[in-house]
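Below is one structure, written out as structure tokens; the observations come after it.
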Amino acid sequence: VVQLICRVNKLAFWVGTTILLHEKMVDRVKSIRYFVSVAQNLFQKKNFNSLLGVLAGLNLASISRLQFTLAALPEKTTELLNYLLTLQDPCNSFKTLREAKKKAGFNAVPYLGLYLQDLSRIDEGNPAEIIVSGRE
């Protein structure tokens, strides 16, 4: 599980690096459009693990600072990117991502980092011992 999460992180940095390697804004716009298209295909194929890796790469600070490049994206691409980025929103314990996974059913590749987070926090909301009244 940890290796798969590391793979998602490597994917994110590869996406960001690939975009930033282009010196011309036109090429960066094409690259971002390509990765948004890849993200859309991953969403349609219900591969949430790789999808979040691509989205993390598109949401890196170094990419977010490319204001002129992002402004040059077609409106449809920007709308699609913003919609897909809602899946990465941690509000309400990744509610949007959990709903999308639930809607996708059993034939989806889940984002394993979410399950690891759930497992690591399971003890926070539950007592270490359960005391049953009337029993010793």
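Residues are referred to by chain and number: the chain letter is A, B, ... according to the order shown in the structure tokens, the number counts from 1 in that chain, and ligands are numbered separately from 1 in the order shown.
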
Need the shell around range 4-8 of chain A: protein/DNA/RNA residues with any atom at most 8 Å away, counting only C-alpha atoms. Skip same-chain ones fewer than 5 positions apart. Format as number ranges by chain? A: 49-50, 52-53, 112-113

Requested write-out: N, CA, C and O atoms of the selected residues, as a PDB file, in the first residue's frame:
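Output below, filename result33.pdb:
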```pdb
ATOM      1  N   ASN A  49      -7.009   6.196  -7.935  1.00  0.00           N
ATOM      2  CA  ASN A  49      -5.637   6.247  -7.429  1.00  0.00           C
ATOM      3  C   ASN A  49      -4.742   7.062  -8.372  1.00  0.00           C
ATOM      4  O   ASN A  49      -4.088   8.001  -7.948  1.00  0.00           O
ATOM      5  N   SER A  50      -4.744   6.727  -9.635  1.00  0.00           N
ATOM      6  CA  SER A  50      -3.937   7.480 -10.604  1.00  0.00           C
ATOM      7  C   SER A  50      -4.512   8.862 -10.845  1.00  0.00           C
ATOM      8  O   SER A  50      -3.764   9.831 -11.059  1.00  0.00           O
ATOM      9  N   LEU A  52      -5.930  10.882  -8.709  1.00  0.00           N
ATOM     10  CA  LEU A  52      -5.476  11.815  -7.691  1.00  0.00           C
ATOM     11  C   LEU A  52      -3.998  12.151  -7.850  1.00  0.00           C
ATOM     12  O   LEU A  52      -3.569  13.246  -7.482  1.00  0.00           O
ATOM     13  N   GLY A  53      -3.216  11.253  -8.410  1.00  0.00           N
ATOM     14  CA  GLY A  53      -1.820  11.568  -8.699  1.00  0.00           C
ATOM     15  C   GLY A  53      -1.700  12.648  -9.758  1.00  0.00           C
ATOM     16  O   GLY A  53      -0.928  13.608  -9.604  1.00  0.00           O
ATOM     17  N   LEU A 112      -5.870   4.685  -2.488  1.00  0.00           N
ATOM     18  CA  LEU A 112      -5.464   3.928  -1.311  1.00  0.00           C
ATOM     19  C   LEU A 112      -5.011   4.812  -0.159  1.00  0.00           C
ATOM     20  O   LEU A 112      -5.102   4.406   1.003  1.00  0.00           O
ATOM     21  N   GLY A 113      -4.562   6.007  -0.441  1.00  0.00           N
ATOM     22  CA  GLY A 113      -4.160   6.923   0.623  1.00  0.00           C
ATOM     23  C   GLY A 113      -5.317   7.269   1.543  1.00  0.00           C
ATOM     24  O   GLY A 113      -5.137   7.466   2.749  1.00  0.00           O
TER      25      GLY A 113
END
```

Tell me, which residues of range 30-115 of chain A carry DSSP alpha helix (DSSP H), written as a ChimeraX atom specification? /A:30-44,48-58,61-64,67-71,75-85,91-104,112-115

Quote the spacing between CA of Val1 in chain A and CA of Ala108 in chain A in Å to one decimal place. 16.2 Å

Excluding Ala12 in chain A and residues on its chain fewer than 5 positions from it, collect all residues at most 9 Å away from it, counting only C-alpha atoms, and give them as a PyMOL selection string. chain A and resi 7+17+52-60

Would you write out those residues with N, CA and C atoms, as a compact mmCIF listing (two decimals), in the first residue's frame?
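File written: again-v2.txt
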```txt
# COMPACT_ATOMS: atom_id res chain seq x y z
N ARG A 7 4.02 5.82 -5.42
CA ARG A 7 3.87 5.90 -6.88
C ARG A 7 2.97 7.07 -7.27
N THR A 17 6.59 18.38 -13.32
CA THR A 17 7.87 18.57 -14.00
C THR A 17 7.69 18.62 -15.51
N LEU A 52 -5.93 10.88 -8.71
CA LEU A 52 -5.48 11.82 -7.69
C LEU A 52 -4.00 12.15 -7.85
N GLY A 53 -3.22 11.25 -8.41
CA GLY A 53 -1.82 11.57 -8.70
C GLY A 53 -1.70 12.65 -9.76
N VAL A 54 -2.47 12.52 -10.83
CA VAL A 54 -2.45 13.53 -11.89
C VAL A 54 -2.97 14.86 -11.37
N LEU A 55 -4.07 14.82 -10.60
CA LEU A 55 -4.63 16.05 -10.05
C LEU A 55 -3.68 16.72 -9.08
N ALA A 56 -2.96 15.92 -8.29
CA ALA A 56 -1.98 16.50 -7.37
C ALA A 56 -0.89 17.21 -8.15
N GLY A 57 -0.49 16.65 -9.28
CA GLY A 57 0.51 17.29 -10.12
C GLY A 57 0.00 18.59 -10.73
N LEU A 58 -1.25 18.60 -11.14
CA LEU A 58 -1.84 19.82 -11.70
C LEU A 58 -2.09 20.88 -10.64
N ASN A 59 -2.13 20.46 -9.38
CA ASN A 59 -2.44 21.37 -8.28
C ASN A 59 -1.19 21.74 -7.47
N LEU A 60 -0.01 21.37 -7.95
CA LEU A 60 1.23 21.75 -7.27
C LEU A 60 1.36 23.28 -7.24
```

If we count only C-alpha atoms, what is near range 28-34 of chain A at a cut-off of 12 Å, once residues fewer than 4 positions away on the same chain are taken out, given as a PyMOL selection string? chain A and resi 15-24+38-41+54-55+57-59+63-64+66-81

For N, CA, C and O atoms, I'd like the residues from the last selection saved as a compact mmCIF listing (two decimals), in the first residue's frame.
```txt
# COMPACT_ATOMS: atom_id res chain seq x y z
N VAL A 15 4.07 14.84 -13.42
CA VAL A 15 3.13 15.72 -14.14
C VAL A 15 3.60 17.17 -14.04
O VAL A 15 3.70 17.88 -15.05
N GLY A 16 3.91 17.62 -12.82
CA GLY A 16 4.36 18.99 -12.64
C GLY A 16 5.64 19.30 -13.39
O GLY A 16 5.77 20.34 -14.04
N THR A 17 6.59 18.38 -13.32
CA THR A 17 7.87 18.57 -14.00
C THR A 17 7.69 18.62 -15.51
O THR A 17 8.29 19.46 -16.19
N THR A 18 6.84 17.76 -16.02
CA THR A 18 6.60 17.73 -17.47
C THR A 18 6.03 19.05 -17.96
O THR A 18 6.43 19.56 -19.02
N ILE A 19 5.13 19.62 -17.18
CA ILE A 19 4.55 20.91 -17.56
C ILE A 19 5.61 22.02 -17.50
O ILE A 19 5.73 22.84 -18.40
N LEU A 20 6.38 22.02 -16.43
CA LEU A 20 7.36 23.09 -16.23
C LEU A 20 8.57 23.02 -17.15
O LEU A 20 9.27 24.01 -17.33
N LEU A 21 8.81 21.87 -17.76
CA LEU A 21 9.95 21.75 -18.69
C LEU A 21 9.75 22.57 -19.97
O LEU A 21 10.72 22.88 -20.65
N HIS A 22 8.52 22.90 -20.27
CA HIS A 22 8.24 23.68 -21.48
C HIS A 22 8.54 25.15 -21.22
O HIS A 22 8.04 25.74 -20.27
N GLU A 23 9.34 25.74 -22.09
CA GLU A 23 9.70 27.15 -21.92
C GLU A 23 8.61 28.08 -22.45
O GLU A 23 8.38 29.14 -21.89
N LYS A 24 7.93 27.67 -23.51
CA LYS A 24 6.91 28.53 -24.12
C LYS A 24 5.55 28.28 -23.46
O LYS A 24 5.19 27.14 -23.16
N VAL A 38 -6.13 13.42 -19.64
CA VAL A 38 -5.76 12.16 -19.00
C VAL A 38 -6.56 11.98 -17.71
O VAL A 38 -7.09 10.90 -17.44
N ALA A 39 -6.68 13.05 -16.92
CA ALA A 39 -7.44 12.99 -15.68
C ALA A 39 -8.90 12.65 -15.94
O ALA A 39 -9.52 11.85 -15.23
N GLN A 40 -9.46 13.23 -16.99
CA GLN A 40 -10.86 12.94 -17.34
C GLN A 40 -11.02 11.46 -17.71
O GLN A 40 -11.97 10.80 -17.29
N ASN A 41 -10.07 10.93 -18.48
CA ASN A 41 -10.13 9.51 -18.85
C ASN A 41 -9.98 8.61 -17.63
O ASN A 41 -10.66 7.59 -17.53
N VAL A 54 -2.47 12.52 -10.83
CA VAL A 54 -2.45 13.53 -11.89
C VAL A 54 -2.97 14.86 -11.37
O VAL A 54 -2.40 15.92 -11.62
N LEU A 55 -4.07 14.82 -10.60
CA LEU A 55 -4.63 16.05 -10.05
C LEU A 55 -3.68 16.72 -9.08
O LEU A 55 -3.58 17.96 -9.04
N GLY A 57 -0.49 16.65 -9.28
CA GLY A 57 0.51 17.29 -10.12
C GLY A 57 0.00 18.59 -10.73
O GLY A 57 0.73 19.58 -10.80
N LEU A 58 -1.25 18.60 -11.14
CA LEU A 58 -1.84 19.82 -11.70
C LEU A 58 -2.09 20.88 -10.64
O LEU A 58 -2.26 22.06 -10.95
N ASN A 59 -2.13 20.46 -9.38
CA ASN A 59 -2.44 21.37 -8.28
C ASN A 59 -1.19 21.74 -7.47
O ASN A 59 -1.31 22.35 -6.42
N ILE A 63 2.75 24.87 -10.30
CA ILE A 63 1.82 24.96 -11.44
C ILE A 63 0.79 26.04 -11.18
O ILE A 63 0.44 26.81 -12.08
N SER A 64 0.31 26.13 -9.96
CA SER A 64 -0.70 27.13 -9.60
C SER A 64 -0.20 28.56 -9.80
O SER A 64 -0.99 29.47 -10.02
N LEU A 66 1.50 29.61 -12.27
CA LEU A 66 1.55 29.93 -13.71
C LEU A 66 0.25 30.63 -14.12
O LEU A 66 -0.55 30.10 -14.90
N GLN A 67 0.03 31.82 -13.60
CA GLN A 67 -1.24 32.52 -13.79
C GLN A 67 -1.56 32.79 -15.26
O GLN A 67 -2.70 32.60 -15.69
N PHE A 68 -0.58 33.24 -16.02
CA PHE A 68 -0.83 33.55 -17.42
C PHE A 68 -1.11 32.28 -18.23
O PHE A 68 -1.95 32.26 -19.12
N THR A 69 -0.40 31.22 -17.89
CA THR A 69 -0.62 29.94 -18.57
C THR A 69 -2.01 29.41 -18.27
O THR A 69 -2.73 28.99 -19.17
N LEU A 70 -2.40 29.44 -17.00
CA LEU A 70 -3.72 28.94 -16.61
C LEU A 70 -4.83 29.81 -17.20
O LEU A 70 -5.90 29.31 -17.55
N ALA A 71 -4.58 31.11 -17.32
CA ALA A 71 -5.57 32.01 -17.92
C ALA A 71 -5.74 31.75 -19.41
O ALA A 71 -6.80 32.03 -19.98
N ALA A 72 -4.71 31.19 -20.04
CA ALA A 72 -4.77 30.91 -21.48
C ALA A 72 -5.49 29.60 -21.80
O ALA A 72 -5.73 29.30 -22.97
N LEU A 73 -5.84 28.82 -20.78
CA LEU A 73 -6.57 27.57 -21.02
C LEU A 73 -7.97 27.86 -21.53
O LEU A 73 -8.59 28.83 -21.13
N PRO A 74 -8.48 26.99 -22.41
CA PRO A 74 -9.87 27.16 -22.85
C PRO A 74 -10.81 27.04 -21.65
O PRO A 74 -10.52 26.35 -20.66
N GLU A 75 -11.94 27.71 -21.73
CA GLU A 75 -12.90 27.74 -20.62
C GLU A 75 -13.38 26.34 -20.24
O GLU A 75 -13.50 26.01 -19.06
N LYS A 76 -13.63 25.50 -21.24
CA LYS A 76 -14.09 24.14 -20.95
C LYS A 76 -13.04 23.34 -20.18
O LYS A 76 -13.37 22.57 -19.29
N THR A 77 -11.78 23.52 -20.54
CA THR A 77 -10.70 22.83 -19.84
C THR A 77 -10.62 23.30 -18.40
O THR A 77 -10.46 22.49 -17.48
N THR A 78 -10.74 24.60 -18.19
CA THR A 78 -10.69 25.16 -16.83
C THR A 78 -11.85 24.64 -16.00
O THR A 78 -11.67 24.26 -14.83
N GLU A 79 -13.05 24.60 -16.57
CA GLU A 79 -14.22 24.09 -15.85
C GLU A 79 -14.04 22.62 -15.50
O GLU A 79 -14.36 22.21 -14.37
N LEU A 80 -13.55 21.83 -16.43
CA LEU A 80 -13.33 20.41 -16.18
C LEU A 80 -12.27 20.22 -15.09
O LEU A 80 -12.45 19.41 -14.17
N LEU A 81 -11.19 20.98 -15.17
CA LEU A 81 -10.14 20.89 -14.17
C LEU A 81 -10.68 21.25 -12.79
O LEU A 81 -10.43 20.54 -11.81
```

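Residue nearest Phe35 in chain A within the list A:Lys101, A:Leu84, A:Ser62, A:Gln3: A:Leu84 [criterion: smallest interatomic distance, only C-alpha atoms].
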
So, counting only C-alpha atoms, which residue among A:Ala100, A:Val36, A:Ala61, A:Leu42 is closest to Phe13 in chain A? A:Ala61

What is the CA of Phe106 in chain A to CA of Lys46 in chain A distance in Å?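 For CA of Phe106 in chain A relative to CA of Lys46 in chain A, the distance reads 9.8 Å.
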
Please indicate the distance in Å from CA of Lys45 in chain A to CA of Asp27 in chain A, rounded to one decimal place.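 Distance between the two atoms: 26.9 Å.
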